[in-house]
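Take a look at the structure set out below.
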Amino acid sequence: MRHVHRRAWRARAVLATVLTWAGLMAGAAGCAPDGSGAGSVLGKPSSKDAIRVSPADGSKGVRPGEKLSVRVPGGRLESVRVVESQDARQTPVPGRISADGQRWEPDGGRLALAARYTVDAVALDAHGRRVARHTDFTTYVPGKRFIGYVAPEHRATVGTGMIVSLEFNREITRRAAVERAVRVTAEPPVEIRPHWFGHDRLDFRPRYYWEPGTEVTVSLRFRDVEGAPGVYGLQDRTFSFTVGRSQVSVVDAAAHTMEVRRDGELLATLPITAGAPETTTYNGKMVVTEMLEVTRMNSRTVGFGGEYDIPDVPHAMRLTASGTFLHGNYWAPPEVFGRSNVSHGCVGLRDDKGGGADTPARWFFDRSLVGDVVEVVGSDDREVAPDNGLGGWNMSWRAWKAGSAVG
């Protein structure tokens, strides 16, 4: 009897299954003509066909120049949401649907590098049926990046001769693209122009020295800019600095003096020693780029062999990249200051070993800023090169503007 009951139960189960499938098939056949019900579900086109996304779903290494778009061959897009994920930050990508509803495109131009994009789109197809699609792709991760080392520092207060200078860690061959990615503005407004020195340095300055109190803002938008074939920028930052009081000092190498003027008024005339006849000091306008309470100066680093190695030069202010300093000097006899030139090209002010508390060198150091101008006249040397330190003030405005890659 137990086996009979089992056979009866199995028979009922099979019959129920057959009847269920028969009902489903009958229902499907009965609903097919009007395009509703189960027939529309089974015959519905895929979302891939109804909503087409470019770049394709799952693409890797997409180049920044490829076009991002969402379109429907028929029907209308209802919504599109695109998110860019880069450096652990998610950013919605703004865009708009065309007037006919058949295409979405981003407001911006290029795709970001080393990023993941996700696309979520909803549309009505040509038959009025709602479809949705989700895709994602990743963009090219460059093996080479460039950055620009910038002077001055963020939030610095500088002298009126400061030049905004960017030195790049790689050679820039697409200079116009990189130049367009930098914006330097001032308040109060003033015309500021760029100048390239070779392929790895870009400087910005106004026609004349900055006005005291000027606020300068520098915006770098190098991220994903192609500076050379296969070399892309990494930085995306904004910084600012303030221009302090005006101080211009004129070193007369022939008279062995330095006149220090603050806001046009003479503060002091200090006795100096400049470059000796065989190692003269450059003429021209130079800018203080570095201030050191004490530093070591070794003649081998500037091409003078083993003539000197002073481990504790006090109150040193760098004027050129090649090694010209205005600094305290405690080793020369006191009588040379104001009377003769005995240095290896630097400008020396009398000082004490360890840096005196009441010496001309200390007095000048305490009243100086990075960005102050020191102009040398009366030397038997040539004019300092514009790219040796911040020597761009020695160029005419016309020549300076001619150094732009944009024009």
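Chain labels A, B, ... are given in the sequence in which chains occur in the structure tokens; within each chain residues are numbered consecutively from 1, and ligands are likewise numbered from 1 in the order shown.
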
**Message:** At a cut-off of 12 Å, using only C-alpha atoms, what residues contact A:Thr138? Leave out same-chain residues fewer than 3 positions from it and give the result as a list in words.
**Reply:**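 Returned residues: Ser54, Pro55, Ala56, Asp57, Gly58, Ser59, Lys60, Gly61, Val62, Arg63, Pro64, Glu66, Leu68, Val83, Glu84, Ser85, Gln86, Leu111, Ala112, Leu113, Ala114, Ala115, Arg116, Tyr117, Thr118, Val119, Thr135 and Val141 of chain A.
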
Grab the residues selected above and save them as a PDB file, in the first residue's frame with N, CA and C atoms.
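What ended up in selection30.pdb:
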ATOM      1  N   SER A  54      29.504  54.157 -25.304  1.00  0.00           N
ATOM      2  CA  SER A  54      30.891  54.166 -25.780  1.00  0.00           C
ATOM      3  C   SER A  54      31.730  55.010 -24.829  1.00  0.00           C
ATOM      4  N   PRO A  55      32.923  54.484 -24.410  1.00  0.00           N
ATOM      5  CA  PRO A  55      33.584  53.218 -24.717  1.00  0.00           C
ATOM      6  C   PRO A  55      32.776  52.003 -24.243  1.00  0.00           C
ATOM      7  N   ALA A  56      33.093  50.862 -24.837  1.00  0.00           N
ATOM      8  CA  ALA A  56      32.326  49.649 -24.578  1.00  0.00           C
ATOM      9  C   ALA A  56      32.478  49.186 -23.138  1.00  0.00           C
ATOM     10  N   ASP A  57      31.453  48.484 -22.682  1.00  0.00           N
ATOM     11  CA  ASP A  57      31.455  47.954 -21.320  1.00  0.00           C
ATOM     12  C   ASP A  57      32.664  47.046 -21.099  1.00  0.00           C
ATOM     13  N   GLY A  58      33.361  47.265 -19.980  1.00  0.00           N
ATOM     14  CA  GLY A  58      34.507  46.442 -19.636  1.00  0.00           C
ATOM     15  C   GLY A  58      35.808  46.828 -20.307  1.00  0.00           C
ATOM     16  N   SER A  59      35.809  47.911 -21.087  1.00  0.00           N
ATOM     17  CA  SER A  59      37.036  48.333 -21.761  1.00  0.00           C
ATOM     18  C   SER A  59      38.106  48.725 -20.744  1.00  0.00           C
ATOM     19  N   LYS A  60      39.354  48.464 -21.091  1.00  0.00           N
ATOM     20  CA  LYS A  60      40.479  48.812 -20.227  1.00  0.00           C
ATOM     21  C   LYS A  60      41.500  49.618 -21.035  1.00  0.00           C
ATOM     22  N   GLY A  61      42.186  50.518 -20.340  1.00  0.00           N
ATOM     23  CA  GLY A  61      43.231  51.296 -21.000  1.00  0.00           C
ATOM     24  C   GLY A  61      42.691  52.281 -22.017  1.00  0.00           C
ATOM     25  N   VAL A  62      41.488  52.774 -21.807  1.00  0.00           N
ATOM     26  CA  VAL A  62      40.892  53.727 -22.744  1.00  0.00           C
ATOM     27  C   VAL A  62      41.706  55.017 -22.747  1.00  0.00           C
ATOM     28  N   ARG A  63      42.042  55.506 -23.915  1.00  0.00           N
ATOM     29  CA  ARG A  63      42.845  56.720 -24.039  1.00  0.00           C
ATOM     30  C   ARG A  63      41.986  57.963 -23.783  1.00  0.00           C
ATOM     31  N   PRO A  64      42.598  59.030 -23.264  1.00  0.00           N
ATOM     32  CA  PRO A  64      41.805  60.206 -22.879  1.00  0.00           C
ATOM     33  C   PRO A  64      41.100  60.892 -24.040  1.00  0.00           C
ATOM     34  N   GLU A  66      39.443  59.400 -26.429  1.00  0.00           N
ATOM     35  CA  GLU A  66      38.247  58.682 -26.896  1.00  0.00           C
ATOM     36  C   GLU A  66      36.976  59.361 -26.399  1.00  0.00           C
ATOM     37  N   LEU A  68      33.266  59.788 -24.986  1.00  0.00           N
ATOM     38  CA  LEU A  68      32.276  59.177 -24.090  1.00  0.00           C
ATOM     39  C   LEU A  68      30.896  59.598 -24.552  1.00  0.00           C
ATOM     40  N   VAL A  83      29.766  58.515 -13.365  1.00  0.00           N
ATOM     41  CA  VAL A  83      30.611  58.832 -12.216  1.00  0.00           C
ATOM     42  C   VAL A  83      32.056  58.488 -12.549  1.00  0.00           C
ATOM     43  N   GLU A  84      32.958  59.420 -12.267  1.00  0.00           N
ATOM     44  CA  GLU A  84      34.400  59.212 -12.444  1.00  0.00           C
ATOM     45  C   GLU A  84      35.021  58.917 -11.076  1.00  0.00           C
ATOM     46  N   SER A  85      35.732  57.807 -10.969  1.00  0.00           N
ATOM     47  CA  SER A  85      36.410  57.437  -9.728  1.00  0.00           C
ATOM     48  C   SER A  85      37.915  57.510  -9.965  1.00  0.00           C
ATOM     49  N   GLN A  86      38.551  58.408  -9.228  1.00  0.00           N
ATOM     50  CA  GLN A  86      39.987  58.623  -9.405  1.00  0.00           C
ATOM     51  C   GLN A  86      40.592  59.024  -8.073  1.00  0.00           C
ATOM     52  N   LEU A 111      38.647  62.421 -21.234  1.00  0.00           N
ATOM     53  CA  LEU A 111      38.541  61.516 -20.100  1.00  0.00           C
ATOM     54  C   LEU A 111      39.767  61.671 -19.206  1.00  0.00           C
ATOM     55  N   ALA A 112      39.591  61.403 -17.937  1.00  0.00           N
ATOM     56  CA  ALA A 112      40.712  61.439 -17.000  1.00  0.00           C
ATOM     57  C   ALA A 112      41.532  60.164 -17.136  1.00  0.00           C
ATOM     58  N   LEU A 113      42.800  60.280 -16.817  1.00  0.00           N
ATOM     59  CA  LEU A 113      43.676  59.109 -16.830  1.00  0.00           C
ATOM     60  C   LEU A 113      43.589  58.359 -15.507  1.00  0.00           C
ATOM     61  N   ALA A 114      43.926  57.077 -15.549  1.00  0.00           N
ATOM     62  CA  ALA A 114      43.960  56.237 -14.352  1.00  0.00           C
ATOM     63  C   ALA A 114      42.662  56.355 -13.554  1.00  0.00           C
ATOM     64  N   ALA A 115      41.527  56.285 -14.260  1.00  0.00           N
ATOM     65  CA  ALA A 115      40.221  56.448 -13.623  1.00  0.00           C
ATOM     66  C   ALA A 115      39.278  55.326 -14.055  1.00  0.00           C
ATOM     67  N   ARG A 116      38.242  55.113 -13.250  1.00  0.00           N
ATOM     68  CA  ARG A 116      37.179  54.169 -13.582  1.00  0.00           C
ATOM     69  C   ARG A 116      35.897  54.966 -13.773  1.00  0.00           C
ATOM     70  N   TYR A 117      35.196  54.673 -14.851  1.00  0.00           N
ATOM     71  CA  TYR A 117      33.936  55.343 -15.144  1.00  0.00           C
ATOM     72  C   TYR A 117      32.794  54.335 -15.074  1.00  0.00           C
ATOM     73  N   THR A 118      31.710  54.725 -14.427  1.00  0.00           N
ATOM     74  CA  THR A 118      30.494  53.915 -14.421  1.00  0.00           C
ATOM     75  C   THR A 118      29.373  54.716 -15.063  1.00  0.00           C
ATOM     76  N   VAL A 119      28.573  54.026 -15.861  1.00  0.00           N
ATOM     77  CA  VAL A 119      27.485  54.660 -16.597  1.00  0.00           C
ATOM     78  C   VAL A 119      26.187  53.942 -16.258  1.00  0.00           C
ATOM     79  N   THR A 135      27.119  50.127 -17.269  1.00  0.00           N
ATOM     80  CA  THR A 135      28.409  49.729 -17.844  1.00  0.00           C
ATOM     81  C   THR A 135      29.532  50.405 -17.065  1.00  0.00           C
ATOM     82  N   VAL A 141      46.521  54.103 -17.804  1.00  0.00           N
ATOM     83  CA  VAL A 141      47.398  54.470 -16.695  1.00  0.00           C
ATOM     84  C   VAL A 141      48.791  54.741 -17.278  1.00  0.00           C
TER      85      VAL A 141
END

**Item:** Residue list (strand (DSSP E or B), DSSP) for stretch 323-380 of chain A, as a VMD selection string
**Value:** chain A and resid 325 to 329 343 347 to 350 373 to 377

**Asked** Near A:Val158, counting only C-alpha atoms, which residues have an atom at most 10 Å away, once you skip same-chain residues fewer than 4 positions from it, shown as a list in words?
**Response**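 Those residues are Pro152, Glu153, Met162, Ile163, Trp210, Pro212, Gly213, Phe241, Thr242, Val243, Gly244, Arg245, Ser246, Val288, Thr289, Ser368, Leu369, Val370, Gly371 and Asp372 of chain A.
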
Any chance you can output those residues with N, CA, C and O atoms as a short mmCIF file (atom, residue, chain, number, x, y, z; two decimals), in the first residue's frame?
data_model
loop_
_atom_site.label_atom_id
_atom_site.label_comp_id
_atom_site.auth_asym_id
_atom_site.auth_seq_id
_atom_site.Cartn_x
_atom_site.Cartn_y
_atom_site.Cartn_z
N PRO A 152 57.25 80.95 -5.84
CA PRO A 152 57.55 80.80 -4.42
C PRO A 152 56.64 79.78 -3.75
O PRO A 152 55.81 79.15 -4.41
N GLU A 153 56.77 79.66 -2.43
CA GLU A 153 55.97 78.72 -1.67
C GLU A 153 54.58 79.28 -1.43
O GLU A 153 54.35 80.50 -1.45
N MET A 162 59.74 89.11 -7.21
CA MET A 162 59.51 87.67 -7.33
C MET A 162 58.96 87.31 -8.70
O MET A 162 58.07 87.98 -9.22
N ILE A 163 59.51 86.26 -9.29
CA ILE A 163 59.02 85.70 -10.55
C ILE A 163 58.48 84.31 -10.26
O ILE A 163 59.13 83.51 -9.57
N TRP A 210 56.18 93.87 -9.09
CA TRP A 210 54.85 93.86 -8.48
C TRP A 210 54.67 95.08 -7.58
O TRP A 210 55.62 95.55 -6.95
N PRO A 212 53.54 96.60 -4.08
CA PRO A 212 53.41 96.07 -2.72
C PRO A 212 51.94 95.82 -2.37
O PRO A 212 51.06 96.60 -2.73
N GLY A 213 51.70 94.73 -1.68
CA GLY A 213 50.34 94.39 -1.28
C GLY A 213 49.57 93.55 -2.29
O GLY A 213 48.45 93.11 -2.01
N PHE A 241 50.37 83.73 -3.04
CA PHE A 241 51.38 84.41 -2.23
C PHE A 241 51.09 85.90 -2.23
O PHE A 241 50.31 86.41 -3.04
N THR A 242 51.71 86.59 -1.27
CA THR A 242 51.49 88.03 -1.09
C THR A 242 52.80 88.77 -1.36
O THR A 242 53.87 88.34 -0.94
N VAL A 243 52.69 89.89 -2.05
CA VAL A 243 53.85 90.74 -2.29
C VAL A 243 53.96 91.74 -1.15
O VAL A 243 53.01 92.47 -0.85
N GLY A 244 55.10 91.74 -0.48
CA GLY A 244 55.32 92.65 0.65
C GLY A 244 55.82 94.01 0.20
O GLY A 244 55.55 94.46 -0.93
N ARG A 245 56.56 94.66 1.08
CA ARG A 245 57.08 95.98 0.75
C ARG A 245 58.10 95.91 -0.37
O ARG A 245 58.64 94.84 -0.68
N SER A 246 58.41 97.04 -0.99
CA SER A 246 59.40 97.08 -2.04
C SER A 246 60.79 97.34 -1.44
O SER A 246 60.96 98.26 -0.64
N VAL A 288 66.64 87.58 -4.86
CA VAL A 288 66.92 86.67 -3.75
C VAL A 288 65.97 85.48 -3.85
O VAL A 288 64.74 85.65 -3.82
N THR A 289 66.52 84.28 -3.99
CA THR A 289 65.69 83.07 -4.10
C THR A 289 65.79 82.15 -2.89
O THR A 289 64.98 81.23 -2.75
N SER A 368 65.51 91.63 4.76
CA SER A 368 65.34 91.12 3.40
C SER A 368 64.26 90.05 3.32
O SER A 368 63.92 89.42 4.31
N LEU A 369 63.74 89.87 2.11
CA LEU A 369 62.76 88.83 1.80
C LEU A 369 63.19 88.09 0.55
O LEU A 369 63.85 88.67 -0.34
N VAL A 370 62.82 86.82 0.45
CA VAL A 370 62.90 86.15 -0.84
C VAL A 370 62.06 86.96 -1.83
O VAL A 370 60.93 87.35 -1.51
N GLY A 371 62.61 87.24 -2.99
CA GLY A 371 61.90 88.06 -3.97
C GLY A 371 62.40 89.49 -4.03
O GLY A 371 61.99 90.24 -4.93
N ASP A 372 63.28 89.89 -3.11
CA ASP A 372 63.88 91.22 -3.19
C ASP A 372 64.86 91.27 -4.36
O ASP A 372 65.49 90.27 -4.72
#

**Item:** Shell around A:Ala399 at 12 Å using only C-alpha atoms, local window under 6 positions removed, as a PyMOL selection string
**Value:** chain A and resi 193-196+207+386+392-393

How would the residues just chosen look if you wrote them out with C-alpha atoms as a PDB file, in the first residue's frame?
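Now in out_5.pdb:
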ATOM      1  CA  ARG A 193      52.950  86.866 -19.232  1.00  0.00           C
ATOM      2  CA  PRO A 194      54.844  83.556 -19.541  1.00  0.00           C
ATOM      3  CA  HIS A 195      58.293  82.829 -20.916  1.00  0.00           C
ATOM      4  CA  TRP A 196      59.869  79.443 -21.631  1.00  0.00           C
ATOM      5  CA  ARG A 207      55.957  94.046 -17.052  1.00  0.00           C
ATOM      6  CA  PRO A 386      67.873  85.656 -17.700  1.00  0.00           C
ATOM      7  CA  GLY A 392      64.161  87.534 -16.198  1.00  0.00           C
ATOM      8  CA  TRP A 393      64.000  91.221 -15.251  1.00  0.00           C
TER       9      TRP A 393
END

**Message:** What's around A:Thr295 at 9 Å? Count only C-alpha atoms, leave out sequence neighbours fewer than 6 positions away in its own chain, and write the answer as a list in words.
**Reply:** Ile310, Pro311, Asp312, Val313, Pro314, His315 and Ala316 of chain A

**Message:** For stretch 302-306 of chain A, find every residue with an atom within 9 Å (counting only C-alpha atoms), except residues of its own chain fewer than 2 positions away, and show them as JSON, numbers by chain.
**Reply:** {"A": [298, 299, 300, 308, 309, 322, 323, 344]}

**Asked** Got a sec to tell me which of stretch 176-384 of chain A DSSP assigns to helix (DSSP H, G or I), as number ranges by chain?
**Response** A: 176-180, 299-302, 334-336, 360-366

**Asked** For A:Val231, which residue among A:Asn169, A:Gln102, A:Ser47, A:Ser69 is the nearest when counting only C-alpha atoms?
**Response**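 Among the listed residues, A:Asn169 lies closest to A:Val231.
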
**A:Asn329 surroundings by only C-alpha atoms, 6 Å radius, close-in-sequence under 5 positions cut, as JSON, numbers by chain** = {"A": [348, 349, 350, 351]}

For the selection you just gave me, I'd like the residues written to a file as a PDB file, in the first residue's frame, keeping all heavy atoms.
ATOM      1  N   GLY A 348      80.049  90.426  -0.707  1.00  0.00           N
ATOM      2  CA  GLY A 348      80.264  90.193   0.708  1.00  0.00           C
ATOM      3  C   GLY A 348      79.997  91.414   1.562  1.00  0.00           C
ATOM      4  O   GLY A 348      80.330  92.541   1.183  1.00  0.00           O
ATOM      5  N   LEU A 349      79.374  91.184   2.714  1.00  0.00           N
ATOM      6  CA  LEU A 349      79.152  92.207   3.733  1.00  0.00           C
ATOM      7  C   LEU A 349      79.907  91.785   4.992  1.00  0.00           C
ATOM      8  O   LEU A 349      79.980  90.600   5.314  1.00  0.00           O
ATOM      9  CB  LEU A 349      77.660  92.337   4.060  1.00  0.00           C
ATOM     10  CG  LEU A 349      76.755  92.914   2.969  1.00  0.00           C
ATOM     11  CD1 LEU A 349      75.296  92.705   3.353  1.00  0.00           C
ATOM     12  CD2 LEU A 349      77.040  94.397   2.760  1.00  0.00           C
ATOM     13  N   ARG A 350      80.445  92.755   5.699  1.00  0.00           N
ATOM     14  CA  ARG A 350      81.212  92.427   6.896  1.00  0.00           C
ATOM     15  C   ARG A 350      80.339  91.710   7.920  1.00  0.00           C
ATOM     16  O   ARG A 350      79.190  92.076   8.152  1.00  0.00           O
ATOM     17  CB  ARG A 350      81.797  93.708   7.518  1.00  0.00           C
ATOM     18  CG  ARG A 350      82.710  93.427   8.729  1.00  0.00           C
ATOM     19  CD  ARG A 350      83.291  94.711   9.279  1.00  0.00           C
ATOM     20  NE  ARG A 350      82.262  95.630   9.761  1.00  0.00           N
ATOM     21  CZ  ARG A 350      81.649  95.519  10.941  1.00  0.00           C
ATOM     22  NH1 ARG A 350      81.944  94.505  11.745  1.00  0.00           N
ATOM     23  NH2 ARG A 350      80.750  96.412  11.302  1.00  0.00           N
ATOM     24  N   ASP A 351      80.924  90.655   8.528  1.00  0.00           N
ATOM     25  CA  ASP A 351      80.193  89.851   9.509  1.00  0.00           C
ATOM     26  C   ASP A 351      81.180  89.243  10.490  1.00  0.00           C
ATOM     27  O   ASP A 351      82.401  89.357  10.317  1.00  0.00           O
ATOM     28  CB  ASP A 351      79.399  88.744   8.811  1.00  0.00           C
ATOM     29  CG  ASP A 351      78.131  88.352   9.554  1.00  0.00           C
ATOM     30  OD1 ASP A 351      78.037  88.644  10.767  1.00  0.00           O
ATOM     31  OD2 ASP A 351      77.243  87.750   8.930  1.00  0.00           O
TER      32      ASP A 351
END

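Comparing A:Glu78, A:Glu187, A:Asp120, A:Glu293 by their smallest distance to A:Pro92, the closest is A:Asp120 (using only C-alpha atoms).
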
Proximity check stretch 165-257 of chain A to stretch 266-286 of chain A, 8 Å, nearest pairs one decimal Å, only C-alpha atoms, as CSV:
residue,atom,partner,partner_atom,distance
A:Ala253,CA,A:Ala274,CA,5.8
A:His256,CA,A:Ile272,CA,5.2
A:Thr257,CA,A:Pro271,CA,4.6

Take the residues from that selection and put them in a file with N, CA and C atoms, as a tab-separated table (two decimals), in the first residue's frame.
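That gives us selection.tsv:
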chain	number	residue	atom	x	y	z
A	253	ALA	N	79.90	97.76	-7.91
A	253	ALA	CA	81.15	97.01	-7.72
A	253	ALA	C	82.37	97.91	-7.82
A	256	HIS	N	82.33	99.93	-4.51
A	256	HIS	CA	82.38	99.04	-3.34
A	256	HIS	C	81.30	99.39	-2.31
A	257	THR	N	80.11	99.74	-2.80
A	257	THR	CA	79.01	100.10	-1.91
A	257	THR	C	77.71	99.41	-2.36

**Prompt:** To one decimal place, how far is atom CA of A:Gln247 from atom CA of A:Leu326 in Å?
**Reply:**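 The value is 14.9 Å.
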
**Message:** Quick check, in Å to one decimal: how far apart do atom CA of A:Glu171 and atom CA of A:Phe222 lie?
**Reply:** 14.2 Å

**Message:** Measuring between only C-alpha atoms, which one of A:Ala228, A:Val131, A:Val82, A:Val287 shows the shortest distance to A:Val250?
**Reply:**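 That would be A:Val287, the residue with the smallest distance to A:Val250.
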